[in-house]
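Participant: Got upload_28.cif for you, mmCIF, C-alpha atoms:
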```cif
data_my_file
loop_
_atom_site.label_atom_id
_atom_site.label_comp_id
_atom_site.auth_asym_id
_atom_site.auth_seq_id
_atom_site.Cartn_x
_atom_site.Cartn_y
_atom_site.Cartn_z
CA MET T 843 173.43 20.04 49.59
CA GLY T 844 170.44 21.02 51.76
CA GLU T 845 172.61 21.09 54.90
CA ARG T 846 175.20 23.24 53.26
CA SER T 847 172.64 25.74 52.10
CA LEU T 848 171.24 26.05 55.63
CA LEU T 849 174.74 26.89 56.85
CA ASN T 850 175.04 29.50 54.13
CA GLN T 851 171.66 30.88 55.07
CA LEU T 852 172.83 31.22 58.67
CA ILE T 853 176.01 33.01 57.60
CA ASP T 854 174.06 35.35 55.33
CA ALA T 855 171.51 36.04 58.06
CA LEU T 856 174.24 36.93 60.57
CA ARG T 857 175.50 39.61 58.21
CA CYS T 858 172.52 41.79 59.08
CA LEU T 859 174.24 42.53 62.41
CA PRO T 860 176.06 45.88 62.46
CA GLY T 861 179.80 45.59 61.85
CA VAL T 862 179.56 41.92 60.83
CA GLY T 863 181.00 41.20 57.41
CA PRO T 864 181.19 37.84 55.61
CA LYS T 865 184.26 36.70 57.53
CA SER T 866 182.94 37.51 61.00
CA ALA T 867 179.57 35.99 60.06
CA ARG T 868 181.28 32.74 59.15
CA ARG T 869 183.25 32.75 62.39
CA ILE T 870 180.12 33.35 64.49
CA ALA T 871 178.18 30.64 62.65
CA PHE T 872 180.91 28.01 63.18
CA TYR T 873 181.41 29.02 66.78
CA LEU T 874 177.73 28.63 67.60
CA LEU T 875 177.40 25.33 65.72
CA GLU T 876 180.52 23.70 67.11
CA ARG T 877 180.90 25.15 70.57
CA ASP T 878 177.67 26.69 71.82
CA ARG T 879 174.52 25.21 70.32
CA ASP T 880 172.51 25.96 73.47
CA GLY T 881 173.57 29.60 73.31
CA GLY T 882 172.65 29.73 69.63
CA ALA T 883 169.25 28.15 70.24
CA GLN T 884 168.59 30.56 73.11
CA LEU T 885 169.61 33.50 70.90
CA ALA T 886 167.27 32.34 68.15
CA ARG T 887 164.37 31.92 70.54
CA VAL T 888 164.79 35.30 72.26
CA MET T 889 165.44 37.02 68.96
CA ALA T 890 162.27 35.59 67.39
CA GLU T 891 160.23 36.61 70.41
CA ALA T 892 161.76 40.09 70.65
CA MET T 893 161.27 40.86 66.97
CA VAL T 894 157.55 40.23 67.31
CA ALA T 895 156.78 41.45 70.82
CA ILE T 896 158.90 44.61 71.17
CA ARG T 897 157.18 47.77 69.93
CA ARG T 898 157.07 51.42 70.89
CA CYS T 899 155.90 52.67 74.27
CA THR T 900 152.60 54.49 73.74
CA ARG T 901 153.76 57.37 75.92
CA CYS T 902 157.47 57.94 75.25
CA ARG T 903 158.06 55.92 72.03
CA THR T 904 160.98 53.96 73.46
CA LEU T 905 161.17 50.20 72.80
CA THR T 906 159.21 47.90 75.10
CA GLU T 907 157.12 44.74 75.02
CA HIS T 908 154.40 46.40 77.12
CA ASP T 909 152.02 49.24 76.31
CA LEU T 910 153.93 51.43 78.76
CA CYS T 911 157.67 51.04 79.26
CA ALA T 912 159.09 50.49 82.75
CA LEU T 913 160.19 54.14 83.02
CA CYS T 914 156.77 55.54 82.08
CA ALA T 915 154.97 53.08 84.34
CA ASN T 916 157.16 53.92 87.35
CA PRO T 917 155.22 56.32 89.65
CA GLN T 918 158.46 57.31 91.39
CA ARG T 919 159.72 59.17 88.31
CA ASP T 920 159.36 62.96 88.34
CA ALA T 921 156.51 63.77 85.94
CA ALA T 922 157.50 67.45 85.75
CA LEU T 923 160.75 66.76 83.88
CA LEU T 924 160.80 65.51 80.29
CA CYS T 925 164.06 64.60 78.58
CA ILE T 926 163.88 64.40 74.78
CA VAL T 927 166.31 62.09 72.99
CA GLU T 928 166.70 60.85 69.43
CA GLN T 929 167.07 57.09 69.95
CA PRO T 930 165.98 54.48 72.53
CA SER T 931 169.67 53.58 73.07
CA GLU T 932 170.21 57.09 74.40
CA VAL T 933 167.59 56.53 77.13
CA VAL T 934 169.68 53.60 78.34
CA ALA T 935 172.91 55.62 78.15
CA LEU T 936 171.41 58.50 80.14
CA GLU T 937 169.90 56.16 82.72
CA GLN T 938 173.28 54.54 83.30
CA ALA T 939 175.34 57.72 83.33
CA THR T 940 173.16 60.23 85.17
CA ASP T 941 170.94 60.45 88.24
CA TYR T 942 168.08 61.86 86.16
CA ARG T 943 164.75 60.81 87.64
CA GLY T 944 162.29 62.35 85.18
CA GLN T 945 160.47 61.06 82.12
CA TYR T 946 161.65 60.60 78.53
CA PHE T 947 160.41 61.11 75.00
CA VAL T 948 162.10 59.37 72.06
CA LEU T 949 161.90 61.13 68.67
CA GLY T 950 163.31 58.22 66.67
CA GLY T 951 165.60 60.50 64.63
CA ARG T 952 165.98 64.15 63.89
CA LEU T 953 164.46 66.61 61.48
CA SER T 954 165.98 66.04 58.08
CA PRO T 955 164.04 67.96 55.43
CA LEU T 956 166.15 66.59 52.57
CA ASP T 957 165.27 63.02 53.56
CA GLY T 958 161.62 63.86 54.09
CA ILE T 959 161.81 63.39 57.87
CA GLY T 960 159.49 66.04 59.24
CA PRO T 961 157.56 66.76 62.44
CA ASP T 962 155.09 63.91 61.82
CA GLU T 963 157.80 61.24 61.56
CA LEU T 964 159.29 62.41 64.87
CA GLY T 965 155.99 62.14 66.75
CA LEU T 966 155.87 65.85 67.53
CA ASN T 967 152.07 65.79 67.64
CA MET T 968 152.26 63.09 70.29
CA LEU T 969 154.79 65.20 72.17
CA GLU T 970 152.55 68.23 71.94
CA THR T 971 149.63 66.27 73.43
CA ARG T 972 151.87 65.45 76.38
CA LEU T 973 152.97 69.06 76.74
CA ARG T 974 149.32 70.13 76.78
CA ASP T 975 147.91 67.43 79.06
CA GLU T 976 150.68 66.77 81.56
CA ALA T 977 152.13 69.00 84.25
CA ILE T 978 155.56 69.32 82.64
CA THR T 979 157.65 72.25 83.85
CA GLU T 980 160.95 71.61 82.10
CA ILE T 981 162.00 69.99 78.86
CA ILE T 982 165.61 68.84 78.63
CA LEU T 983 166.83 68.49 75.05
CA ALA T 984 169.46 65.75 74.71
CA ILE T 985 169.71 65.96 70.92
CA SER T 986 172.91 65.65 68.83
CA PRO T 987 174.53 69.03 68.24
CA THR T 988 174.32 68.81 64.45
CA VAL T 989 172.59 71.26 62.12
CA GLU T 990 169.60 68.90 61.86
CA GLY T 991 169.62 68.47 65.64
CA ARG T 992 169.51 72.24 66.02
CA ALA T 993 166.52 72.49 63.68
CA THR T 994 164.78 69.76 65.69
CA ALA T 995 165.50 71.58 68.94
CA GLN T 996 164.12 74.82 67.51
CA LEU T 997 160.89 73.16 66.44
CA ILE T 998 160.40 71.62 69.90
CA THR T 999 161.27 74.88 71.65
CA GLU T 1000 158.69 76.65 69.52
CA ARG T 1001 156.00 74.18 70.58
CA ALA T 1002 157.00 74.22 74.25
CA ALA T 1003 156.77 78.02 74.23
CA ARG T 1004 153.05 77.72 73.47
CA TYR T 1005 152.56 76.05 76.83
CA GLY T 1006 154.99 78.27 78.73
CA ILE T 1007 157.35 75.35 79.42
CA ARG T 1008 161.00 76.01 80.16
CA VAL T 1009 163.38 74.38 77.67
CA THR T 1010 166.99 73.53 78.50
CA ARG T 1011 169.56 71.56 76.56
CA ILE T 1012 172.46 69.49 77.77
CA ALA T 1013 175.83 71.28 77.81
CA GLN T 1014 178.17 71.18 74.84
CA GLY T 1015 181.94 71.45 74.93
CA VAL T 1016 185.24 69.77 75.57
CA PRO T 1017 184.97 66.00 76.08
CA LEU T 1018 186.54 64.60 79.25
CA GLY T 1019 190.17 63.75 78.60
CA GLY T 1020 190.06 65.77 75.37
CA GLU T 1021 192.83 68.13 74.33
CA LEU T 1022 191.92 71.67 73.33
CA GLU T 1023 194.47 71.76 70.53
CA TYR T 1024 192.64 69.03 68.63
CA LEU T 1025 189.13 70.40 69.04
CA ASP T 1026 187.28 71.92 66.11
CA SER T 1027 186.71 75.66 66.44
CA GLY T 1028 182.91 75.32 66.68
CA THR T 1029 183.09 73.10 69.75
CA LEU T 1030 185.81 75.23 71.29
CA ALA T 1031 183.77 78.41 70.76
CA LEU T 1032 180.69 76.80 72.36
CA ALA T 1033 182.74 75.53 75.28
CA PHE T 1034 184.22 78.99 75.77
CA ALA T 1035 180.85 80.74 75.57
CA GLY T 1036 179.36 78.27 78.06
CA ARG T 1037 182.12 78.60 80.67
CA ARG T 1038 181.18 78.23 84.33
CA ASP T 1039 182.47 79.34 87.69
CA VAL T 1040 185.00 76.98 89.18
CA VAL T 1041 183.52 75.68 92.41
CA MET Z 359 204.14 58.52 46.02
CA PRO Z 360 200.78 59.87 44.85
CA THR Z 361 200.57 63.59 44.23
CA SER Z 362 198.24 65.29 46.67
CA ALA Z 363 194.80 66.15 45.29
CA PRO Z 364 194.03 69.87 44.92
CA LEU Z 365 191.90 71.51 47.61
CA PHE Z 366 188.56 72.99 46.64
CA LEU Z 367 186.00 75.11 48.47
CA ALA Z 368 182.80 73.26 49.30
CA PHE Z 369 179.65 73.06 51.36
CA VAL Z 370 177.89 69.92 52.55
CA LEU Z 371 174.37 69.83 51.11
CA LYS Z 372 173.29 66.65 52.83
CA ARG Z 373 174.90 64.06 55.02
CA SER Z 374 173.82 60.59 55.94
CA GLU Z 375 175.34 57.76 57.93
CA TYR Z 376 177.26 55.17 55.97
CA SER Z 377 178.38 51.81 57.37
CA ASN Z 378 179.38 51.90 61.04
CA THR Z 379 181.72 54.83 61.25
CA SER Z 380 181.55 56.75 57.96
CA LEU Z 381 179.48 59.53 56.47
CA LEU Z 382 178.07 59.72 52.97
CA LEU Z 383 178.01 63.33 51.82
CA GLU Z 384 176.48 65.29 48.99
CA LEU Z 385 178.78 68.23 48.41
CA PHE Z 386 178.62 71.42 46.40
CA GLY Z 387 182.11 72.58 45.46
CA ASP Z 388 183.30 75.68 43.63
CA THR Z 389 185.22 73.80 40.96
CA SER Z 390 183.62 70.38 41.27
CA GLY Z 391 179.91 71.19 41.26
CA ARG Z 392 177.72 68.70 43.09
CA ILE Z 393 179.56 65.49 44.00
CA ALA Z 394 179.03 62.56 46.34
CA ALA Z 395 181.85 61.59 48.68
CA ILE Z 396 182.48 59.35 51.65
CA ALA Z 397 184.27 60.54 54.77
CA ARG Z 398 185.75 57.34 56.16
CA GLY Z 399 185.78 56.99 59.92
CA ALA Z 400 184.21 60.43 60.44
CA ARG Z 401 181.76 59.04 63.00
CA ARG Z 402 184.40 57.39 65.16
CA PRO Z 403 184.55 58.77 68.71
CA HIS Z 404 187.03 61.66 69.13
CA GLN Z 405 186.91 62.45 65.41
CA HIS Z 406 186.24 66.14 65.01
CA THR Z 407 185.64 65.91 61.25
CA SER Z 408 182.04 64.93 61.95
CA ALA Z 409 181.55 68.33 63.59
CA LEU Z 410 182.90 70.05 60.47
CA LEU Z 411 181.09 67.99 57.87
CA GLN Z 412 177.78 69.73 58.30
CA PRO Z 413 175.62 71.94 56.11
CA PHE Z 414 176.42 75.68 56.05
CA GLN Z 415 180.04 75.17 57.11
CA PRO Z 416 182.52 76.49 54.52
CA LEU Z 417 185.18 73.83 53.98
CA TRP Z 418 188.42 73.14 52.17
CA LEU Z 419 188.25 69.60 50.88
CA ALA Z 420 190.27 67.21 48.77
CA CYS Z 421 188.99 63.96 47.27
CA ARG Z 422 190.40 60.95 45.57
CA GLY Z 423 188.75 58.32 43.44
CA ARG Z 424 187.31 58.34 39.97
CA GLY Z 425 183.99 56.58 40.45
CA ALA Z 426 180.60 58.11 41.12
CA ILE Z 427 181.42 58.33 44.83
CA GLN Z 428 184.78 59.74 45.86
CA THR Z 429 186.66 59.51 49.16
CA LEU Z 430 187.54 62.62 51.15
CA THR Z 431 191.22 62.88 51.95
CA THR Z 432 191.46 66.37 53.48
CA ILE Z 433 188.88 68.26 55.52
CA GLU Z 434 189.58 71.74 56.87
CA GLU Z 435 187.33 74.55 57.90
CA VAL Z 436 187.52 77.87 56.07
CA SER Z 437 185.69 79.92 58.69
CA PRO Z 438 183.09 79.26 61.39
CA PRO Z 439 179.73 77.94 60.11
CA LEU Z 440 177.13 80.46 58.97
CA ALA Z 441 174.91 81.24 61.93
CA LEU Z 442 171.46 80.29 60.61
CA HIS Z 443 168.75 80.13 63.25
CA GLY Z 444 165.02 79.49 63.24
CA PRO Z 445 163.36 80.22 59.87
CA ALA Z 446 166.77 81.10 58.34
CA LEU Z 447 167.93 77.56 59.05
CA LEU Z 448 164.89 76.17 57.24
CA ALA Z 449 165.56 78.57 54.36
CA GLY Z 450 169.11 77.18 54.23
CA PHE Z 451 167.73 73.63 53.99
CA TYR Z 452 165.50 74.86 51.18
CA LEU Z 453 168.52 76.11 49.20
CA ASN Z 454 170.24 72.77 49.73
CA GLU Z 455 167.21 70.83 48.61
CA LEU Z 456 166.91 72.96 45.46
CA LEU Z 457 170.57 72.31 44.63
CA MET Z 458 170.17 68.60 45.32
CA ARG Z 459 167.17 68.40 43.03
CA LEU Z 460 168.30 70.63 40.19
CA LEU Z 461 172.07 70.25 39.86
CA ALA Z 462 173.46 67.27 38.00
CA ARG Z 463 176.56 65.64 39.51
CA HIS Z 464 180.02 66.68 38.26
CA ASP Z 465 178.68 69.81 36.58
CA PRO Z 466 180.67 72.78 37.91
CA HIS Z 467 178.90 76.10 38.56
CA PRO Z 468 181.52 78.39 40.11
CA ALA Z 469 179.38 81.53 39.79
CA LEU Z 470 176.41 79.82 41.44
CA PHE Z 471 178.70 78.62 44.24
CA VAL Z 472 179.69 82.21 44.98
CA PHE Z 473 176.05 83.27 44.89
CA TYR Z 474 175.08 80.37 47.20
CA GLN Z 475 177.70 81.47 49.71
CA ALA Z 476 176.50 85.08 49.53
CA THR Z 477 172.86 84.00 49.91
CA LEU Z 478 173.68 81.98 53.05
CA ALA Z 479 175.45 85.02 54.47
CA GLN Z 480 172.38 87.15 53.71
CA LEU Z 481 170.06 84.61 55.34
CA ALA Z 482 172.23 84.71 58.44
CA ALA Z 483 172.24 88.50 58.51
CA THR Z 484 168.71 89.65 57.66
CA PRO Z 485 165.35 88.74 59.13
CA GLU Z 486 163.74 89.19 55.70
CA LEU Z 487 164.43 85.83 54.07
CA GLU Z 488 162.25 85.89 50.98
CA THR Z 489 164.26 88.39 48.93
CA PRO Z 490 167.53 86.41 49.07
CA LEU Z 491 165.62 83.18 48.36
CA ARG Z 492 163.92 84.63 45.24
CA HIS Z 493 167.19 86.04 43.91
CA PHE Z 494 168.88 82.71 44.47
CA GLU Z 495 166.12 80.90 42.58
CA CYS Z 496 166.53 83.34 39.65
CA HIS Z 497 170.30 82.80 39.58
CA LEU Z 498 169.94 79.04 39.85
CA LEU Z 499 167.54 78.93 36.90
CA ALA Z 500 169.80 81.20 34.85
CA GLU Z 501 172.84 79.00 35.63
CA LEU Z 502 170.97 75.93 34.49
CA GLY Z 503 170.02 77.62 31.23
CA TYR Z 504 166.37 78.12 32.16
CA GLY Z 505 166.76 81.81 32.98
CA LEU Z 506 163.69 83.99 33.18
CA THR Z 507 163.00 86.76 30.70
CA LEU Z 508 162.75 89.76 33.00
CA GLU Z 509 163.59 92.88 31.05
CA ARG Z 510 161.79 92.61 27.69
CA VAL Z 511 158.19 91.97 26.72
CA VAL Z 512 158.00 88.80 24.65
CA ASP Z 513 155.38 90.18 22.24
CA ASP Z 514 157.34 93.11 20.82
CA GLY Z 515 160.68 93.20 22.62
CA ALA Z 516 159.80 96.49 24.32
CA PRO Z 517 161.53 97.20 27.64
CA ILE Z 518 159.53 96.25 30.75
CA GLN Z 519 157.87 99.28 32.34
CA PRO Z 520 157.84 99.29 36.16
CA THR Z 521 154.28 100.62 36.33
CA GLN Z 522 152.81 98.07 33.88
CA VAL Z 523 151.36 94.67 34.81
CA TYR Z 524 152.26 91.66 32.66
CA THR Z 525 151.13 88.05 32.37
CA TYR Z 526 154.14 85.77 32.83
CA VAL Z 527 153.64 82.81 30.51
CA CYS Z 528 155.65 79.75 31.56
CA ASP Z 529 158.50 78.81 29.14
CA CYS Z 530 157.93 82.10 27.32
CA GLY Z 531 158.15 85.24 29.44
CA PRO Z 532 156.27 88.43 30.25
CA CYS Z 533 153.46 89.22 27.79
CA TYR Z 534 150.82 91.90 27.60
CA PRO Z 535 147.83 90.58 29.54
CA SER Z 536 144.98 89.20 27.47
CA GLU Z 537 142.26 86.64 28.02
CA ARG Z 538 144.02 84.02 25.91
CA ARG Z 539 147.13 84.04 28.09
CA HIS Z 540 147.52 82.00 31.24
CA GLY Z 541 150.01 82.72 33.93
CA PRO Z 542 150.48 84.84 37.04
CA LEU Z 543 150.12 88.62 36.80
CA VAL Z 544 153.39 90.28 37.69
CA SER Z 545 154.17 93.99 37.88
CA GLY Z 546 157.05 95.38 35.82
CA ALA Z 547 158.65 96.62 39.03
CA THR Z 548 158.89 93.06 40.38
CA LEU Z 549 160.41 91.73 37.16
CA LEU Z 550 163.01 94.51 37.09
CA ALA Z 551 163.85 94.04 40.78
CA LEU Z 552 164.44 90.33 40.14
CA ALA Z 553 166.57 91.13 37.08
CA GLN Z 554 168.76 93.49 39.07
CA SER Z 555 168.79 91.50 42.33
CA ALA Z 556 167.27 94.58 43.95
CA PRO Z 557 165.28 94.57 47.21
CA LEU Z 558 161.61 93.51 46.97
CA ASP Z 559 158.73 95.12 48.88
CA ALA Z 560 155.89 93.06 50.37
CA THR Z 561 153.73 93.02 47.20
CA GLN Z 562 156.72 92.25 45.00
CA ARG Z 563 157.75 89.40 47.30
CA ARG Z 564 154.31 87.85 46.96
CA GLU Z 565 154.36 88.22 43.16
CA ALA Z 566 157.90 86.89 42.91
CA ARG Z 567 157.03 83.90 45.10
CA THR Z 568 154.08 82.93 42.89
CA LEU Z 569 156.10 83.48 39.73
CA LEU Z 570 159.14 81.46 40.79
CA ARG Z 571 157.09 78.66 42.24
CA MET Z 572 155.38 78.27 38.87
CA VAL Z 573 158.64 78.48 36.92
CA LEU Z 574 160.49 76.00 39.19
CA GLU Z 575 157.66 73.47 39.23
CA PRO Z 576 158.44 71.65 35.93
CA TYR Z 577 162.09 71.12 36.92
CA LEU Z 578 161.26 69.54 40.29
CA GLY Z 579 159.82 66.42 38.72
CA GLY Z 580 156.39 66.69 40.29
CA ARG Z 581 157.64 65.85 43.79
CA PRO Z 582 157.05 68.40 46.55
CA LEU Z 583 160.02 70.03 48.27
CA HIS Z 584 160.18 68.73 51.84
CA SER Z 585 161.86 71.84 53.18
CA ARG Z 586 159.12 74.02 51.71
CA GLU Z 587 156.53 71.95 53.58
CA LEU Z 588 158.53 72.29 56.76
CA TYR Z 589 158.85 76.03 56.25
CA ARG Z 590 155.09 76.30 55.89
CA HIS Z 591 154.59 74.10 58.96
CA TRP Z 592 156.95 76.29 60.97
CA PHE Z 593 155.17 79.47 59.98
CA ALA Z 594 151.73 78.01 60.68
CA ALA Z 595 152.91 77.06 64.17
CA HIS Z 596 154.53 80.45 64.65
CA HIS Z 597 151.44 82.44 63.67
CA LEU Z 598 149.28 80.27 65.91
CA HIS Z 599 151.57 81.08 68.80
CA GLU Z 600 151.76 84.80 67.98
CA SER Z 601 148.01 85.28 67.65
#
```
So that I can check it, write out the structure of this file as structure tokens.
Facilitator:
Amino acid sequence: MGERSLLNQLIDALRCLPGVGPKSARRIAFYLLERDRDGGAQLARVMAEAMVAIRRCTRCRTLTEHDLCALCANPQRDAALLCIVEQPSEVVALEQATDYRGQYFVLGGRLSPLDGIGPDELGLNMLETRLRDEAITEIILAISPTVEGRATAQLITERAARYGIRVTRIAQGVPLGGELEYLDSGTLALAFAGRRDVV
Amino acid sequence: MPTSAPLFLAFVLKRSEYSNTSLLLELFGDTSGRIAAIARGARRPHQHTSALLQPFQPLWLACRGRGAIQTLTTIEEVSPPLALHGPALLAGFYLNELLMRLLARHDPHPALFVFYQATLAQLAATPELETPLRHFECHLLAELGYGLTLERVVDDGAPIQPTQVYTYVCDCGPCYPSERRHGPLVSGATLLALAQSAPLDATQRREARTLLRMVLEPYLGGRPLHSRELYRHWFAAHHLHES
């Protein structure tokens, strides 16, 4: 009985993973137990360690096991550029996709007055300290183009203006491989307004 | 073959993520009132419904389901979203928070819906945000059956005089000021302007703000409005920058 309940516990625990329902959880549990115990043990060990050791970078609020994340600690990064994103996963996506060599700041969400997420929850005071104390010349907003994202961007722009810092945001428009016919009119209007010379 | 559900006009009041690819929405519809609905798969890549399902975007929607939470079956835009920027955007959030707090689900308020739409348009068009907000609060209270007494003195039923000052007693109405009565002092002109949805000058805006804050308070359940805090925060930051 005890053995069976441990198996059930494992299956239940696996369900905390995103996109994993009861069926997938059962499949993963049996796979690990029957085919890859070493992998499972390794996963458990790393997971236990990561859950305790990984916290927020004291400078950019991304996830790291050190006080300063690798990006903040790297003296080669351009300290004059600061890219502001919502989630740590977006730092990784930008690092892989672009040749951006500046610094980051992770908000951890976006302004959502109806959920009680305000400037304090997004670490805007911490951001303001950086704007005041560091030689930042440009802020790049890489925030989702939703209504809440727009409100967040406005609040940051307001604060940056106090220190005379230029604020830009990443372009918005037609996705690569997208078809104009199927775009919503808001995106299409933005894409049209933000047209550029063909080089 | 199921018959297709009727379309209704609606605005998203609040959206949150639901499971991996869906959105959970609080909607305010013209015929439906406030309802909760799920937009399945709206967060999948290349789905443009996520762009539409945002606050301040007039929508045509259809739902199915009978439970507390329905499922959206049709999503179409009526017109481009209302262009709210800066403080107007925060004012828009404030309207949404008021509706979320004060409207019960499945309680239609078609007249309030029309007024909500008109108020959003006003917020987008004028830099003076307080007047539309105060008028909306008055209409909201009236729709809910807690309407303010604005044109008659409670004591004797005499018409409100624009040049007189009255004490507005909560749950009662405007009274002749006396030491026994507690409540904000409000000029007759302010009360009449609120009654007629007429423009408010600076003094009237201040009086109306104090009055409506006091009247709304009991219906908000003792919890502060987050968007009001944010509004205050924004203005504090703005004045600091300006000065």
Participant: Applying the PyMOL selection byres ((chain T) within 9 of (chain Z)) to the file I just gave you, which residues come out? Please list them as a PyMOL selection string.
Facilitator: chain T and resi 860-861+954-961+987-990+992-993+996-997+1000-1001+1003-1004+1017+1020+1024-1029
Participant: Counting all atoms listed in the file, what is within 9 Å of Ile427 (chain Z), bar same-chain residues fewer than 2 positions away, as an MDAnalysis selection string?
Facilitator: chainID Z and resid 382 393:396 423:425 429
Participant: Report the distance between CA of Val1009 (chain T) and CA of Ile981 (chain T) in Å, rounded to one decimal place.
Facilitator: 4.8 Å
Participant: So how many Å separate CA of Cys911 (chain T) and CA of Gly882 (chain T), to one decimal?
Facilitator: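 Computing the Euclidean distance for CA of Cys911 (chain T) and CA of Gly882 (chain T) yields 27.8 Å.
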Participant: Could you jot down the CA of Thr431 (chain Z) to CA of Arg857 (chain T) separation for me, Å, one decimal place?
Facilitator: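 Here the two named atoms are 28.8 Å from each other.
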Participant: Pick out the residues sitting within 9 Å of region 506-521 of chain Z, and hand them over as a VMD selection string; count all atoms listed in the file, and ignore anything fewer than 6 positions along from it in its own chain.
Facilitator: chain Z and resid 496 499 to 500 529 to 534 545 to 553 573
Participant: Write out the residues from the selection above, keeping C-alpha atoms, as a short mmCIF file (atom, residue, chain, number, x, y, z; two decimals), in the coordinates of the input.
Facilitator:
```
data_model
loop_
_atom_site.label_atom_id
_atom_site.label_comp_id
_atom_site.auth_asym_id
_atom_site.auth_seq_id
_atom_site.Cartn_x
_atom_site.Cartn_y
_atom_site.Cartn_z
CA CYS Z 496 166.53 83.34 39.65
CA LEU Z 499 167.54 78.93 36.90
CA ALA Z 500 169.80 81.20 34.85
CA ASP Z 529 158.50 78.81 29.14
CA CYS Z 530 157.93 82.10 27.32
CA GLY Z 531 158.15 85.24 29.44
CA PRO Z 532 156.27 88.43 30.25
CA CYS Z 533 153.46 89.22 27.79
CA TYR Z 534 150.82 91.90 27.60
CA SER Z 545 154.17 93.99 37.88
CA GLY Z 546 157.05 95.38 35.82
CA ALA Z 547 158.65 96.62 39.03
CA THR Z 548 158.89 93.06 40.38
CA LEU Z 549 160.41 91.73 37.16
CA LEU Z 550 163.01 94.51 37.09
CA ALA Z 551 163.85 94.04 40.78
CA LEU Z 552 164.44 90.33 40.14
CA ALA Z 553 166.57 91.13 37.08
CA VAL Z 573 158.64 78.48 36.92
#
```
Participant: Which residues fall under the PyMOL selection byres ((chain T and resi 1010) around 7) in this file, as an MDAnalysis selection string?
Facilitator: chainID T and resid 981:983 1008:1009 1011:1012
Participant: Would you kindly return, as a PyMOL selection string, each protein, DNA or RNA residue with an atom no farther than 12 Å from any atom of region 890-900 of chain T, considering only C-alpha atoms and excluding same-chain residues fewer than 2 positions away?
Facilitator: chain T and resi 883-888+902-915+929-930+946-950+965+968-969+972
Participant: Restricting it to C-alpha atoms, dump the selection as a PDB file, keeping the file's coordinate frame.
Facilitator:
```pdb
ATOM      1  CA  ALA T 883     169.250  28.150  70.240  1.00  0.00           C
ATOM      2  CA  GLN T 884     168.590  30.560  73.110  1.00  0.00           C
ATOM      3  CA  LEU T 885     169.610  33.500  70.900  1.00  0.00           C
ATOM      4  CA  ALA T 886     167.270  32.340  68.150  1.00  0.00           C
ATOM      5  CA  ARG T 887     164.370  31.920  70.540  1.00  0.00           C
ATOM      6  CA  VAL T 888     164.790  35.300  72.260  1.00  0.00           C
ATOM      7  CA  CYS T 902     157.470  57.940  75.250  1.00  0.00           C
ATOM      8  CA  ARG T 903     158.060  55.920  72.030  1.00  0.00           C
ATOM      9  CA  THR T 904     160.980  53.960  73.460  1.00  0.00           C
ATOM     10  CA  LEU T 905     161.170  50.200  72.800  1.00  0.00           C
ATOM     11  CA  THR T 906     159.210  47.900  75.100  1.00  0.00           C
ATOM     12  CA  GLU T 907     157.120  44.740  75.020  1.00  0.00           C
ATOM     13  CA  HIS T 908     154.400  46.400  77.120  1.00  0.00           C
ATOM     14  CA  ASP T 909     152.020  49.240  76.310  1.00  0.00           C
ATOM     15  CA  LEU T 910     153.930  51.430  78.760  1.00  0.00           C
ATOM     16  CA  CYS T 911     157.670  51.040  79.260  1.00  0.00           C
ATOM     17  CA  ALA T 912     159.090  50.490  82.750  1.00  0.00           C
ATOM     18  CA  LEU T 913     160.190  54.140  83.020  1.00  0.00           C
ATOM     19  CA  CYS T 914     156.770  55.540  82.080  1.00  0.00           C
ATOM     20  CA  ALA T 915     154.970  53.080  84.340  1.00  0.00           C
ATOM     21  CA  GLN T 929     167.070  57.090  69.950  1.00  0.00           C
ATOM     22  CA  PRO T 930     165.980  54.480  72.530  1.00  0.00           C
ATOM     23  CA  TYR T 946     161.650  60.600  78.530  1.00  0.00           C
ATOM     24  CA  PHE T 947     160.410  61.110  75.000  1.00  0.00           C
ATOM     25  CA  VAL T 948     162.100  59.370  72.060  1.00  0.00           C
ATOM     26  CA  LEU T 949     161.900  61.130  68.670  1.00  0.00           C
ATOM     27  CA  GLY T 950     163.310  58.220  66.670  1.00  0.00           C
ATOM     28  CA  GLY T 965     155.990  62.140  66.750  1.00  0.00           C
ATOM     29  CA  MET T 968     152.260  63.090  70.290  1.00  0.00           C
ATOM     30  CA  LEU T 969     154.790  65.200  72.170  1.00  0.00           C
ATOM     31  CA  ARG T 972     151.870  65.450  76.380  1.00  0.00           C
TER      32      ARG T 972
END
```
